[in-house]
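> The following block contains the structure, expressed as structure tokens.
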Amino acid sequence: MGDVEDPDLISDLPQSILESILTRLPIRDAVRTSILSSKWRYRWTTLTHLVFDDKCVSDRPVVENCMIKFITRALFLHQGPIHKFHLSTSYLQCCPDIDQWILFLSRSDIKELVLELGEGEWFRVPSCLFNCKKLTYLELFRCEFDPPPTFKGFLCLRSLSLHQVLVAPEAIESLISSCPLLESLALSYFDSLALNIHAPNLKYLCLEGEFTDICLENTPLLVAMSVAMYLNDDIAECFEQSSSCNFIKFLGGVPRLERLAGHIYFTKYLSIGDYPGSQAITYSHLKIIELYQVSFEDMKEIRVVLRLITNSPNLKELRVSGLSTAVASAEALDLEFWAKDCPKDCTFKQLKVVKMTDMSGVPHEMEFLKFLLVNSPVLETMSITPCVYVMDGRLNMLVQLVRFRRASAEAEIIFTQDETLCAS
């Protein structure tokens with residue numbers, strides 16, 4: 001009797017499972033499955049998710065031409081819709097083939113598009129991209145982006161990320177407002193940009209760059225934001241000349257905010273302008289606040305921090321870092337603020353974790369820590385890490401902390417200095 005062939009269990013799997021397997025393979029390996037058997041020859045050509053990176057070709061001396069040929073051939077042989085196209089490579093910058101690929105994708109029901117090209121000549125996004133009516137996810141790196149006058153928006157877009165993209169400020173604002181379903185927005189490495197954001201369904205916002213002004217005009221559903229603001233001399237001058245209240249412009253219309261991360265110069269930006277005392281804002285959903293590089297020698301910034309935390313009744317976690325340039329001194333201005341003007345009837349009923357880093361031991365820092373300890377009845381841990389430049393004042397900081405009264409009998413103070421932990 002002849003040998004009986006083993007059944008081909010994989011080839012007989014349902015098409016949906018086969019596609020799921022192929023999707024998890026690098027595109028180069030997925031294409032290679034065509035040599036397995038006649039059944040597999042064109043299996044990969046119906047993949048709806050195509051991800052190309054530097055690993056999809058191996059001939060390094062002529063990698064650019066190889067990659068162009070590989071991607072072009074893959075698209076030429078492809079059958080059916082392409083829902084996701086991700087190109088991330090350091091070898092391609094600006095070449096006409098990319099325009100042709102995007103034109104092809106615009107006719108293939110593309111829903112997710114990511115273009116991350118190498119440094120060099122910036123790629124100019126072709127007008128055919130704006131014909132991708134079914135786009136739900138768009139992420140662009142290092143390119144020029146210029147929507148045509150006839151463009152009416154991406155009506156299905158839910159996530160937009162632009163990193164180092166050359167685009168006119170008015171074009172960004174128009175694009176955001178013409179994407180009615182937009183839920184996630186990330187803008188990074190923009191220079192001297194004044195931005196008004198109108199996005200009624202926006203939930204997640206990430207901003208990083210040199211912003212001269214930011215106004216959240218219509219973002220009532222925002223739940224999480226991260227902001228890093230870089231400062232140059234021109235922007236600093238704009239800050240000083242501003243008369244409007246940045247706190248209200250930025251945080252006056254985000255009632256559903258759950259998490260806030262403010263990085264470099266964020267509290268400085270929020271402190272500009274006169275805050276109308278009559279316009280109290282409560283952040284009932286805000287549970288996590290992270291504020292970095294706060295100047296505890298600037299009373300305006302201190303007031304911003306206090307305004308945020310005292311108007312967040314359900315705050316559970318607070319992370320604050322000081323400015324490493326601050327130097328502890330025996331004298332400090334406005335110390336009477338903590339006895340006279342600091343909120344007296346404030347209780348952080350949900351606050352369990354406080355983490356303070358880059359602490360210099362300046363008087364206002366210590367008063368802030370005292371304020372937190374005495375008003376946090378369920379506090380579990382307060383972790384404090386002094387600035388690396390502060391050596392002589394560390395013992396004094398620790399002595400003061402141990403003496404502060406604590407509303408929570410369970411509160412543990414963890415004082416970290418280098419690799420040494422001191423707990424009390």
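Ligands are numbered from 1 in the order shown, residues from 1 within each chain, and chains are lettered A, B, ... in the order they appear in the structure tokens.
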Identify, on the basis of only C-alpha atoms, every residue whose closest approach to stretch 98-100 of chain A does not exceed 8 Å; exclude the query and any residue fewer than 3 positions from it along the same chain; express the result as a PyMOL selection string.

chain A and resi 94-95+103-104+125-126

> Considering only C-alpha atoms, tabulate each residue of stretch 251-333 of chain A that lies at most 12 Å from stretch 198-202 of chain A along with its nearest interatomic pair and the corresponding distance in Å to one decimal; arrange the rows by chain and ascending residue number and present them as JSON lines.


{"residue": "A:Gly253", "atom": "CA", "partner": "A:Pro200", "partner_atom": "CA", "distance": 10.8}
{"residue": "A:Val254", "atom": "CA", "partner": "A:Leu202", "partner_atom": "CA", "distance": 10.4}
{"residue": "A:Arg256", "atom": "CA", "partner": "A:Leu202", "partner_atom": "CA", "distance": 11.0}
{"residue": "A:Leu257", "atom": "CA", "partner": "A:Leu202", "partner_atom": "CA", "distance": 11.1}

> If we count only C-alpha atoms and set the cut-off at 12 Å, which residues sit around A:Gln400, ignoring sequence neighbours fewer than 2 positions away in its own chain? Please answer as a list in words.

Gly361, Val362, Pro363, Glu365, Met366, Glu367, Leu369, Lys370, Gly393, Arg394, Leu395, Asn396, Met397, Leu398, Val402, Arg403, Phe404, Arg405, Ile413, Phe415 and Ser424 of chain A

> Pick from A:Val114, A:Thr150, A:Leu92, A:Glu183: nearest to A:Leu162, with only C-alpha atoms counted?

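Closest candidate: A:Val114.
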
> Quick one: distance from atom CA of A:Asn196 to atom CA of A:Ile176 in Å, one decimal?

9.5 Å

> Mind giving me the straight-line distance from atom CA of A:Lys249 to atom CA of A:Glu170 in Å, one decimal?

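So the two atoms, atom CA of A:Lys249 and atom CA of A:Glu170, lie 18.4 Å apart.
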
> Name the residues in contact with A:Glu121 at a cut-off of 9 Å, using only C-alpha atoms, excluding same-chain residues fewer than 4 positions from it; report them as a PyMOL selection string.

chain A and resi 93-94+142-143

> Emit the selected residues as a short mmCIF file (atom, residue, chain, number, x, y, z; two decimals), in the first residue's frame, including N, CA and C atoms.


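Wrote result-v4.cif, looks like this:
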data_model
loop_
_atom_site.label_atom_id
_atom_site.label_comp_id
_atom_site.auth_asym_id
_atom_site.auth_seq_id
_atom_site.Cartn_x
_atom_site.Cartn_y
_atom_site.Cartn_z
N GLN A 93 11.66 58.84 0.99
CA GLN A 93 11.25 60.19 1.36
C GLN A 93 10.18 60.66 0.37
N CYS A 94 10.60 61.33 -0.64
CA CYS A 94 9.66 61.89 -1.61
C CYS A 94 9.88 61.19 -2.95
N ARG A 142 6.18 63.94 8.89
CA ARG A 142 7.14 64.63 8.03
C ARG A 142 6.64 64.77 6.58
N CYS A 143 5.60 65.52 6.40
CA CYS A 143 5.09 65.75 5.05
C CYS A 143 4.40 67.11 4.97
#

> For A:His263, which residue among A:Ala228, A:Ile71, A:Met299, A:Ala411 is the nearest when counting only C-alpha atoms?

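Checking each candidate against A:His263, we get A:Ala228 as the closest.
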
> Please identify the alpha helix (DSSP H) residues within stretch 61-219 of chain A (assignment by DSSP from backbone atoms) and present them as a CSV table (one decimal) with N, CA and C atoms, in the first residue's frame.


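Saved to result-v5.csv:
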chain,number,residue,atom,x,y,z
A,63,VAL,N,18.1,49.1,-1.4
A,63,VAL,CA,16.9,48.9,-0.7
A,63,VAL,C,15.7,49.8,-1.1
A,64,GLU,N,16.0,51.0,-1.5
A,64,GLU,CA,14.9,51.9,-2.0
A,64,GLU,C,14.2,51.4,-3.2
A,65,ASN,N,15.0,51.0,-4.2
A,65,ASN,CA,14.3,50.5,-5.4
A,65,ASN,C,13.6,49.1,-5.1
A,66,CYS,N,14.2,48.3,-4.3
A,66,CYS,CA,13.6,47.0,-3.9
A,66,CYS,C,12.3,47.3,-3.2
A,67,MET,N,12.2,48.2,-2.3
A,67,MET,CA,11.0,48.5,-1.5
A,67,MET,C,9.9,49.0,-2.4
A,68,ILE,N,10.3,49.9,-3.3
A,68,ILE,CA,9.3,50.5,-4.3
A,68,ILE,C,8.7,49.4,-5.1
A,69,LYS,N,9.6,48.5,-5.7
A,69,LYS,CA,9.1,47.4,-6.5
A,69,LYS,C,8.2,46.4,-5.7
A,70,PHE,N,8.6,46.2,-4.5
A,70,PHE,CA,7.9,45.2,-3.7
A,70,PHE,C,6.5,45.7,-3.4
A,71,ILE,N,6.4,47.0,-3.0
A,71,ILE,CA,5.1,47.6,-2.6
A,71,ILE,C,4.2,47.7,-3.9
A,72,THR,N,4.8,48.2,-5.0
A,72,THR,CA,4.1,48.3,-6.2
A,72,THR,C,3.5,47.0,-6.7
A,73,ARG,N,4.3,45.9,-6.6
A,73,ARG,CA,3.9,44.6,-7.1
A,73,ARG,C,2.8,44.1,-6.2
A,74,ALA,N,2.9,44.3,-4.9
A,74,ALA,CA,1.9,43.8,-3.9
A,74,ALA,C,0.6,44.5,-4.2
A,75,LEU,N,0.6,45.8,-4.5
A,75,LEU,CA,-0.7,46.5,-4.8
A,75,LEU,C,-1.2,46.0,-6.1
A,76,PHE,N,-0.4,45.8,-7.1
A,76,PHE,CA,-0.8,45.4,-8.4
A,76,PHE,C,-1.5,44.0,-8.4
A,77,LEU,N,-1.0,43.1,-7.5
A,77,LEU,CA,-1.6,41.8,-7.5
A,77,LEU,C,-2.7,41.7,-6.5
A,96,PRO,N,7.5,59.7,-6.6
A,96,PRO,CA,6.2,59.7,-7.3
A,96,PRO,C,5.4,58.4,-7.1
A,97,ASP,N,6.1,57.4,-6.8
A,97,ASP,CA,5.4,56.1,-6.6
A,97,ASP,C,4.4,56.1,-5.4
A,98,ILE,N,4.8,56.9,-4.4
A,98,ILE,CA,3.9,57.0,-3.3
A,98,ILE,C,2.6,57.6,-3.7
A,99,ASP,N,2.6,58.6,-4.6
A,99,ASP,CA,1.4,59.2,-5.1
A,99,ASP,C,0.5,58.2,-5.8
A,100,GLN,N,1.1,57.3,-6.5
A,100,GLN,CA,0.4,56.3,-7.2
A,100,GLN,C,-0.2,55.3,-6.2
A,101,TRP,N,0.5,55.0,-5.2
A,101,TRP,CA,0.0,54.1,-4.2
A,101,TRP,C,-1.3,54.7,-3.5
A,102,ILE,N,-1.2,55.9,-3.2
A,102,ILE,CA,-2.3,56.6,-2.5
A,102,ILE,C,-3.5,56.7,-3.5
A,103,LEU,N,-3.2,57.0,-4.7
A,103,LEU,CA,-4.3,57.0,-5.7
A,103,LEU,C,-5.0,55.6,-5.8
A,104,PHE,N,-4.2,54.5,-5.8
A,104,PHE,CA,-4.8,53.2,-5.8
A,104,PHE,C,-5.6,52.9,-4.5
A,105,LEU,N,-5.1,53.4,-3.4
A,105,LEU,CA,-5.8,53.2,-2.1
A,105,LEU,C,-7.1,53.9,-2.0
A,106,SER,N,-7.1,55.1,-2.6
A,106,SER,CA,-8.3,55.9,-2.6
A,106,SER,C,-9.5,55.2,-3.4
A,169,PRO,N,-2.1,77.0,9.6
A,169,PRO,CA,-3.0,76.9,10.8
A,169,PRO,C,-4.5,76.9,10.5
A,170,GLU,N,-4.9,77.7,9.6
A,170,GLU,CA,-6.3,77.7,9.2
A,170,GLU,C,-6.8,76.4,8.6
A,171,ALA,N,-5.8,75.7,7.9
A,171,ALA,CA,-6.2,74.5,7.3
A,171,ALA,C,-6.3,73.4,8.4
A,172,ILE,N,-5.5,73.4,9.4
A,172,ILE,CA,-5.7,72.5,10.5
A,172,ILE,C,-7.0,72.7,11.2
A,173,GLU,N,-7.4,73.9,11.5
A,173,GLU,CA,-8.6,74.2,12.2
A,173,GLU,C,-9.8,73.8,11.3
A,174,SER,N,-9.7,74.0,10.0
A,174,SER,CA,-10.8,73.7,9.1
A,174,SER,C,-10.9,72.1,9.0
A,175,LEU,N,-9.8,71.5,9.0
A,175,LEU,CA,-9.8,70.0,8.9
A,175,LEU,C,-10.4,69.4,10.1
A,176,ILE,N,-10.0,69.9,11.3
A,176,ILE,CA,-10.6,69.3,12.5
A,176,ILE,C,-12.1,69.5,12.6
A,177,SER,N,-12.5,70.7,12.3
A,177,SER,CA,-14.0,71.0,12.4
A,177,SER,C,-14.8,70.3,11.3

> Mind giving me the straight-line distance from atom CA of A:Ile288 to atom CA of A:Ala339 in Å, one decimal?

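Interatomic distance here is 26.8 Å.
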
> From a backbone DSSP assignment, name each residue in stretch 198-283 of chain A labelled strand (DSSP E), as a PyMOL selection string.

chain A and resi 198+204-218+224-229+259-262

> Within 10 Å of stretch 314-322 of chain A, counting only C-alpha atoms, which residues qualify if same-chain residues fewer than 5 places away don't, as a VMD selection string?

chain A and resid 258 to 263 283 to 297 305 308 to 309 348 to 362 365 378 to 379 382 to 387

> Which residues come within 10 Å of stretch 130-138 of chain A, counting only C-alpha atoms, excluding same-chain residues fewer than 5 positions away, as a PDB file with N, CA, C and O atoms, in the first residue's frame?


ATOM      1  N   HIS A  83      -8.327  47.857   3.716  1.00  0.00           N
ATOM      2  CA  HIS A  83      -8.850  48.682   4.799  1.00  0.00           C
ATOM      3  C   HIS A  83      -7.752  49.386   5.589  1.00  0.00           C
ATOM      4  O   HIS A  83      -7.985  50.449   6.164  1.00  0.00           O
ATOM      5  N   LYS A  84      -6.552  48.780   5.614  1.00  0.00           N
ATOM      6  CA  LYS A  84      -5.454  49.377   6.380  1.00  0.00           C
ATOM      7  C   LYS A  84      -4.175  49.328   5.550  1.00  0.00           C
ATOM      8  O   LYS A  84      -3.781  48.274   5.057  1.00  0.00           O
ATOM      9  N   HIS A  86      -0.222  50.700   6.037  1.00  0.00           N
ATOM     10  CA  HIS A  86       0.733  51.311   6.968  1.00  0.00           C
ATOM     11  C   HIS A  86       2.115  51.242   6.331  1.00  0.00           C
ATOM     12  O   HIS A  86       2.640  50.154   6.107  1.00  0.00           O
ATOM     13  N   ILE A 102      -1.170  55.944  -3.180  1.00  0.00           N
ATOM     14  CA  ILE A 102      -2.303  56.584  -2.508  1.00  0.00           C
ATOM     15  C   ILE A 102      -3.500  56.686  -3.454  1.00  0.00           C
ATOM     16  O   ILE A 102      -4.653  56.518  -3.032  1.00  0.00           O
ATOM     17  N   LEU A 103      -3.229  56.951  -4.729  1.00  0.00           N
ATOM     18  CA  LEU A 103      -4.315  56.966  -5.711  1.00  0.00           C
ATOM     19  C   LEU A 103      -4.997  55.604  -5.764  1.00  0.00           C
ATOM     20  O   LEU A 103      -6.241  55.510  -5.785  1.00  0.00           O
ATOM     21  N   LEU A 105      -5.071  53.360  -3.361  1.00  0.00           N
ATOM     22  CA  LEU A 105      -5.772  53.151  -2.093  1.00  0.00           C
ATOM     23  C   LEU A 105      -7.081  53.929  -2.035  1.00  0.00           C
ATOM     24  O   LEU A 105      -8.057  53.473  -1.438  1.00  0.00           O
ATOM     25  N   SER A 106      -7.098  55.112  -2.643  1.00  0.00           N
ATOM     26  CA  SER A 106      -8.316  55.926  -2.629  1.00  0.00           C
ATOM     27  C   SER A 106      -9.458  55.243  -3.362  1.00  0.00           C
ATOM     28  O   SER A 106     -10.618  55.606  -3.178  1.00  0.00           O
ATOM     29  N   ARG A 107      -9.123  54.256  -4.188  1.00  0.00           N
ATOM     30  CA  ARG A 107     -10.133  53.510  -4.935  1.00  0.00           C
ATOM     31  C   ARG A 107     -10.388  52.132  -4.334  1.00  0.00           C
ATOM     32  O   ARG A 107     -11.062  51.298  -4.950  1.00  0.00           O
ATOM     33  N   SER A 108      -9.801  51.895  -3.135  1.00  0.00           N
ATOM     34  CA  SER A 108      -9.871  50.556  -2.538  1.00  0.00           C
ATOM     35  C   SER A 108     -10.511  50.563  -1.153  1.00  0.00           C
ATOM     36  O   SER A 108     -10.210  49.707  -0.315  1.00  0.00           O
ATOM     37  N   ASP A 109     -11.369  51.538  -0.892  1.00  0.00           N
ATOM     38  CA  ASP A 109     -12.095  51.616   0.379  1.00  0.00           C
ATOM     39  C   ASP A 109     -11.162  51.703   1.588  1.00  0.00           C
ATOM     40  O   ASP A 109     -11.443  51.134   2.647  1.00  0.00           O
ATOM     41  N   ILE A 110     -10.033  52.397   1.451  1.00  0.00           N
ATOM     42  CA  ILE A 110      -9.077  52.503   2.545  1.00  0.00           C
ATOM     43  C   ILE A 110      -9.728  53.167   3.761  1.00  0.00           C
ATOM     44  O   ILE A 110     -10.425  54.179   3.641  1.00  0.00           O
ATOM     45  N   LYS A 111      -9.473  52.585   4.958  1.00  0.00           N
ATOM     46  CA  LYS A 111     -10.032  53.121   6.185  1.00  0.00           C
ATOM     47  C   LYS A 111      -8.952  53.628   7.142  1.00  0.00           C
ATOM     48  O   LYS A 111      -9.189  54.588   7.883  1.00  0.00           O
ATOM     49  N   GLU A 112      -7.806  52.952   7.152  1.00  0.00           N
ATOM     50  CA  GLU A 112      -6.707  53.367   8.024  1.00  0.00           C
ATOM     51  C   GLU A 112      -5.459  53.595   7.185  1.00  0.00           C
ATOM     52  O   GLU A 112      -5.041  52.703   6.452  1.00  0.00           O
ATOM     53  N   LEU A 113      -4.868  54.781   7.318  1.00  0.00           N
ATOM     54  CA  LEU A 113      -3.677  55.118   6.534  1.00  0.00           C
ATOM     55  C   LEU A 113      -2.618  55.737   7.439  1.00  0.00           C
ATOM     56  O   LEU A 113      -2.887  56.707   8.150  1.00  0.00           O
ATOM     57  N   VAL A 114      -1.420  55.145   7.417  1.00  0.00           N
ATOM     58  CA  VAL A 114      -0.282  55.656   8.177  1.00  0.00           C
ATOM     59  C   VAL A 114       0.892  55.811   7.221  1.00  0.00           C
ATOM     60  O   VAL A 114       1.275  54.853   6.541  1.00  0.00           O
ATOM     61  N   LEU A 115       1.450  57.022   7.149  1.00  0.00           N
ATOM     62  CA  LEU A 115       2.626  57.294   6.319  1.00  0.00           C
ATOM     63  C   LEU A 115       3.712  57.881   7.208  1.00  0.00           C
ATOM     64  O   LEU A 115       3.594  59.006   7.703  1.00  0.00           O
ATOM     65  N   VAL A 125       1.661  65.518   0.301  1.00  0.00           N
ATOM     66  CA  VAL A 125       0.509  64.628   0.204  1.00  0.00           C
ATOM     67  C   VAL A 125      -0.290  64.960  -1.061  1.00  0.00           C
ATOM     68  O   VAL A 125      -0.683  66.117  -1.262  1.00  0.00           O
ATOM     69  N   ASP A 146      -1.851  69.941   2.362  1.00  0.00           N
ATOM     70  CA  ASP A 146      -2.562  71.123   1.860  1.00  0.00           C
ATOM     71  C   ASP A 146      -3.896  70.708   1.251  1.00  0.00           C
ATOM     72  O   ASP A 146      -3.980  70.394   0.064  1.00  0.00           O
ATOM     73  N   PRO A 147      -4.969  70.696   2.050  1.00  0.00           N
ATOM     74  CA  PRO A 147      -6.276  70.291   1.523  1.00  0.00           C
ATOM     75  C   PRO A 147      -6.736  71.224   0.400  1.00  0.00           C
ATOM     76  O   PRO A 147      -6.574  72.442   0.497  1.00  0.00           O
ATOM     77  N   PRO A 148      -7.300  70.679  -0.677  1.00  0.00           N
ATOM     78  CA  PRO A 148      -7.792  71.515  -1.780  1.00  0.00           C
ATOM     79  C   PRO A 148      -9.017  72.323  -1.345  1.00  0.00           C
ATOM     80  O   PRO A 148      -9.713  71.946  -0.392  1.00  0.00           O
ATOM     81  N   THR A 150     -11.866  72.495  -2.513  1.00  0.00           N
ATOM     82  CA  THR A 150     -13.138  71.758  -2.646  1.00  0.00           C
ATOM     83  C   THR A 150     -13.321  70.696  -1.554  1.00  0.00           C
ATOM     84  O   THR A 150     -14.377  70.078  -1.479  1.00  0.00           O
ATOM     85  N   PHE A 151     -12.303  70.507  -0.725  1.00  0.00           N
ATOM     86  CA  PHE A 151     -12.366  69.447   0.289  1.00  0.00           C
ATOM     87  C   PHE A 151     -13.403  69.794   1.359  1.00  0.00           C
ATOM     88  O   PHE A 151     -13.389  70.863   1.945  1.00  0.00           O
ATOM     89  N   LYS A 152     -14.296  68.849   1.635  1.00  0.00           N
ATOM     90  CA  LYS A 152     -15.378  69.071   2.591  1.00  0.00           C
ATOM     91  C   LYS A 152     -15.183  68.318   3.903  1.00  0.00           C
ATOM     92  O   LYS A 152     -16.053  68.352   4.770  1.00  0.00           O
ATOM     93  N   GLY A 153     -14.048  67.643   4.043  1.00  0.00           N
ATOM     94  CA  GLY A 153     -13.774  66.946   5.293  1.00  0.00           C
ATOM     95  C   GLY A 153     -13.820  65.438   5.149  1.00  0.00           C
ATOM     96  O   GLY A 153     -14.356  64.892   4.179  1.00  0.00           O
ATOM     97  N   PHE A 154     -13.249  64.754   6.150  1.00  0.00           N
ATOM     98  CA  PHE A 154     -13.336  63.297   6.238  1.00  0.00           C
ATOM     99  C   PHE A 154     -14.509  62.983   7.172  1.00  0.00           C
ATOM    100  O   PHE A 154     -14.380  63.020   8.388  1.00  0.00           O
ATOM    101  N   LEU A 155     -15.619  62.628   6.605  1.00  0.00           N
ATOM    102  CA  LEU A 155     -16.846  62.492   7.384  1.00  0.00           C
ATOM    103  C   LEU A 155     -16.857  61.265   8.286  1.00  0.00           C
ATOM    104  O   LEU A 155     -17.679  61.184   9.207  1.00  0.00           O
ATOM    105  N   CYS A 156     -15.964  60.308   8.035  1.00  0.00           N
ATOM    106  CA  CYS A 156     -15.912  59.091   8.852  1.00  0.00           C
ATOM    107  C   CYS A 156     -14.701  59.052   9.783  1.00  0.00           C
ATOM    108  O   CYS A 156     -14.551  58.109  10.569  1.00  0.00           O
ATOM    109  N   LEU A 157     -13.827  60.056   9.700  1.00  0.00           N
ATOM    110  CA  LEU A 157     -12.560  60.035  10.436  1.00  0.00           C
ATOM    111  C   LEU A 157     -12.792  60.122  11.946  1.00  0.00           C
ATOM    112  O   LEU A 157     -13.485  61.009  12.428  1.00  0.00           O
ATOM    113  N   ARG A 158     -12.151  59.187  12.681  1.00  0.00           N
ATOM    114  CA  ARG A 158     -12.266  59.160  14.134  1.00  0.00           C
ATOM    115  C   ARG A 158     -10.939  59.458  14.832  1.00  0.00           C
ATOM    116  O   ARG A 158     -10.936  59.860  16.001  1.00  0.00           O
ATOM    117  N   SER A 159      -9.826  59.246  14.121  1.00  0.00           N
ATOM    118  CA  SER A 159      -8.519  59.493  14.729  1.00  0.00           C
ATOM    119  C   SER A 159      -7.611  60.201  13.735  1.00  0.00           C
ATOM    120  O   SER A 159      -7.435  59.735  12.613  1.00  0.00           O
ATOM    121  N   LEU A 160      -7.008  61.328  14.156  1.00  0.00           N
ATOM    122  CA  LEU A 160      -6.123  62.111  13.316  1.00  0.00           C
ATOM    123  C   LEU A 160      -4.839  62.420  14.078  1.00  0.00           C
ATOM    124  O   LEU A 160      -4.885  62.960  15.187  1.00  0.00           O
ATOM    125  N   SER A 161      -3.687  62.059  13.485  1.00  0.00           N
ATOM    126  CA  SER A 161      -2.386  62.344  14.091  1.00  0.00           C
ATOM    127  C   SER A 161      -1.489  62.980  13.044  1.00  0.00           C
ATOM    128  O   SER A 161      -1.257  62.396  11.986  1.00  0.00           O
ATOM    129  N   LEU A 162      -0.972  64.167  13.354  1.00  0.00           N
ATOM    130  CA  LEU A 162      -0.073  64.885  12.450  1.00  0.00           C
ATOM    131  C   LEU A 162       1.211  65.195  13.211  1.00  0.00           C
ATOM    132  O   LEU A 162       1.192  65.892  14.228  1.00  0.00           O
ATOM    133  N   CYS A 179     -14.414  67.219  10.447  1.00  0.00           N
ATOM    134  CA  CYS A 179     -14.436  65.780  10.739  1.00  0.00           C
ATOM    135  C   CYS A 179     -15.391  65.574  11.914  1.00  0.00           C
ATOM    136  O   CYS A 179     -14.965  65.525  13.076  1.00  0.00           O
ATOM    137  N   LEU A 181     -16.975  63.196  13.330  1.00  0.00           N
ATOM    138  CA  LEU A 181     -16.896  62.033  14.205  1.00  0.00           C
ATOM    139  C   LEU A 181     -15.550  61.930  14.933  1.00  0.00           C
ATOM    140  O   LEU A 181     -15.308  60.956  15.646  1.00  0.00           O
ATOM    141  N   LEU A 182     -14.684  62.941  14.779  1.00  0.00           N
ATOM    142  CA  LEU A 182     -13.334  62.879  15.322  1.00  0.00           C
ATOM    143  C   LEU A 182     -13.345  62.673  16.837  1.00  0.00           C
ATOM    144  O   LEU A 182     -13.946  63.447  17.570  1.00  0.00           O
ATOM    145  N   SER A 184     -10.145  61.279  18.438  1.00  0.00           N
ATOM    146  CA  SER A 184      -8.769  61.338  18.916  1.00  0.00           C
ATOM    147  C   SER A 184      -7.956  62.265  18.016  1.00  0.00           C
ATOM    148  O   SER A 184      -7.974  62.124  16.798  1.00  0.00           O
ATOM    149  N   LEU A 185      -7.221  63.208  18.632  1.00  0.00           N
ATOM    150  CA  LEU A 185      -6.426  64.170  17.882  1.00  0.00           C
ATOM    151  C   LEU A 185      -5.053  64.303  18.514  1.00  0.00           C
ATOM    152  O   LEU A 185      -4.930  64.514  19.724  1.00  0.00           O
TER     153      LEU A 185
END

> Excluding stretch 187-194 of chain A and residues on its chain fewer than 6 positions from it, collect all residues at most 8 Å away from it, counting only C-alpha atoms, and give them as a PyMOL selection string.

chain A and resi 161-165+169+206-214+235
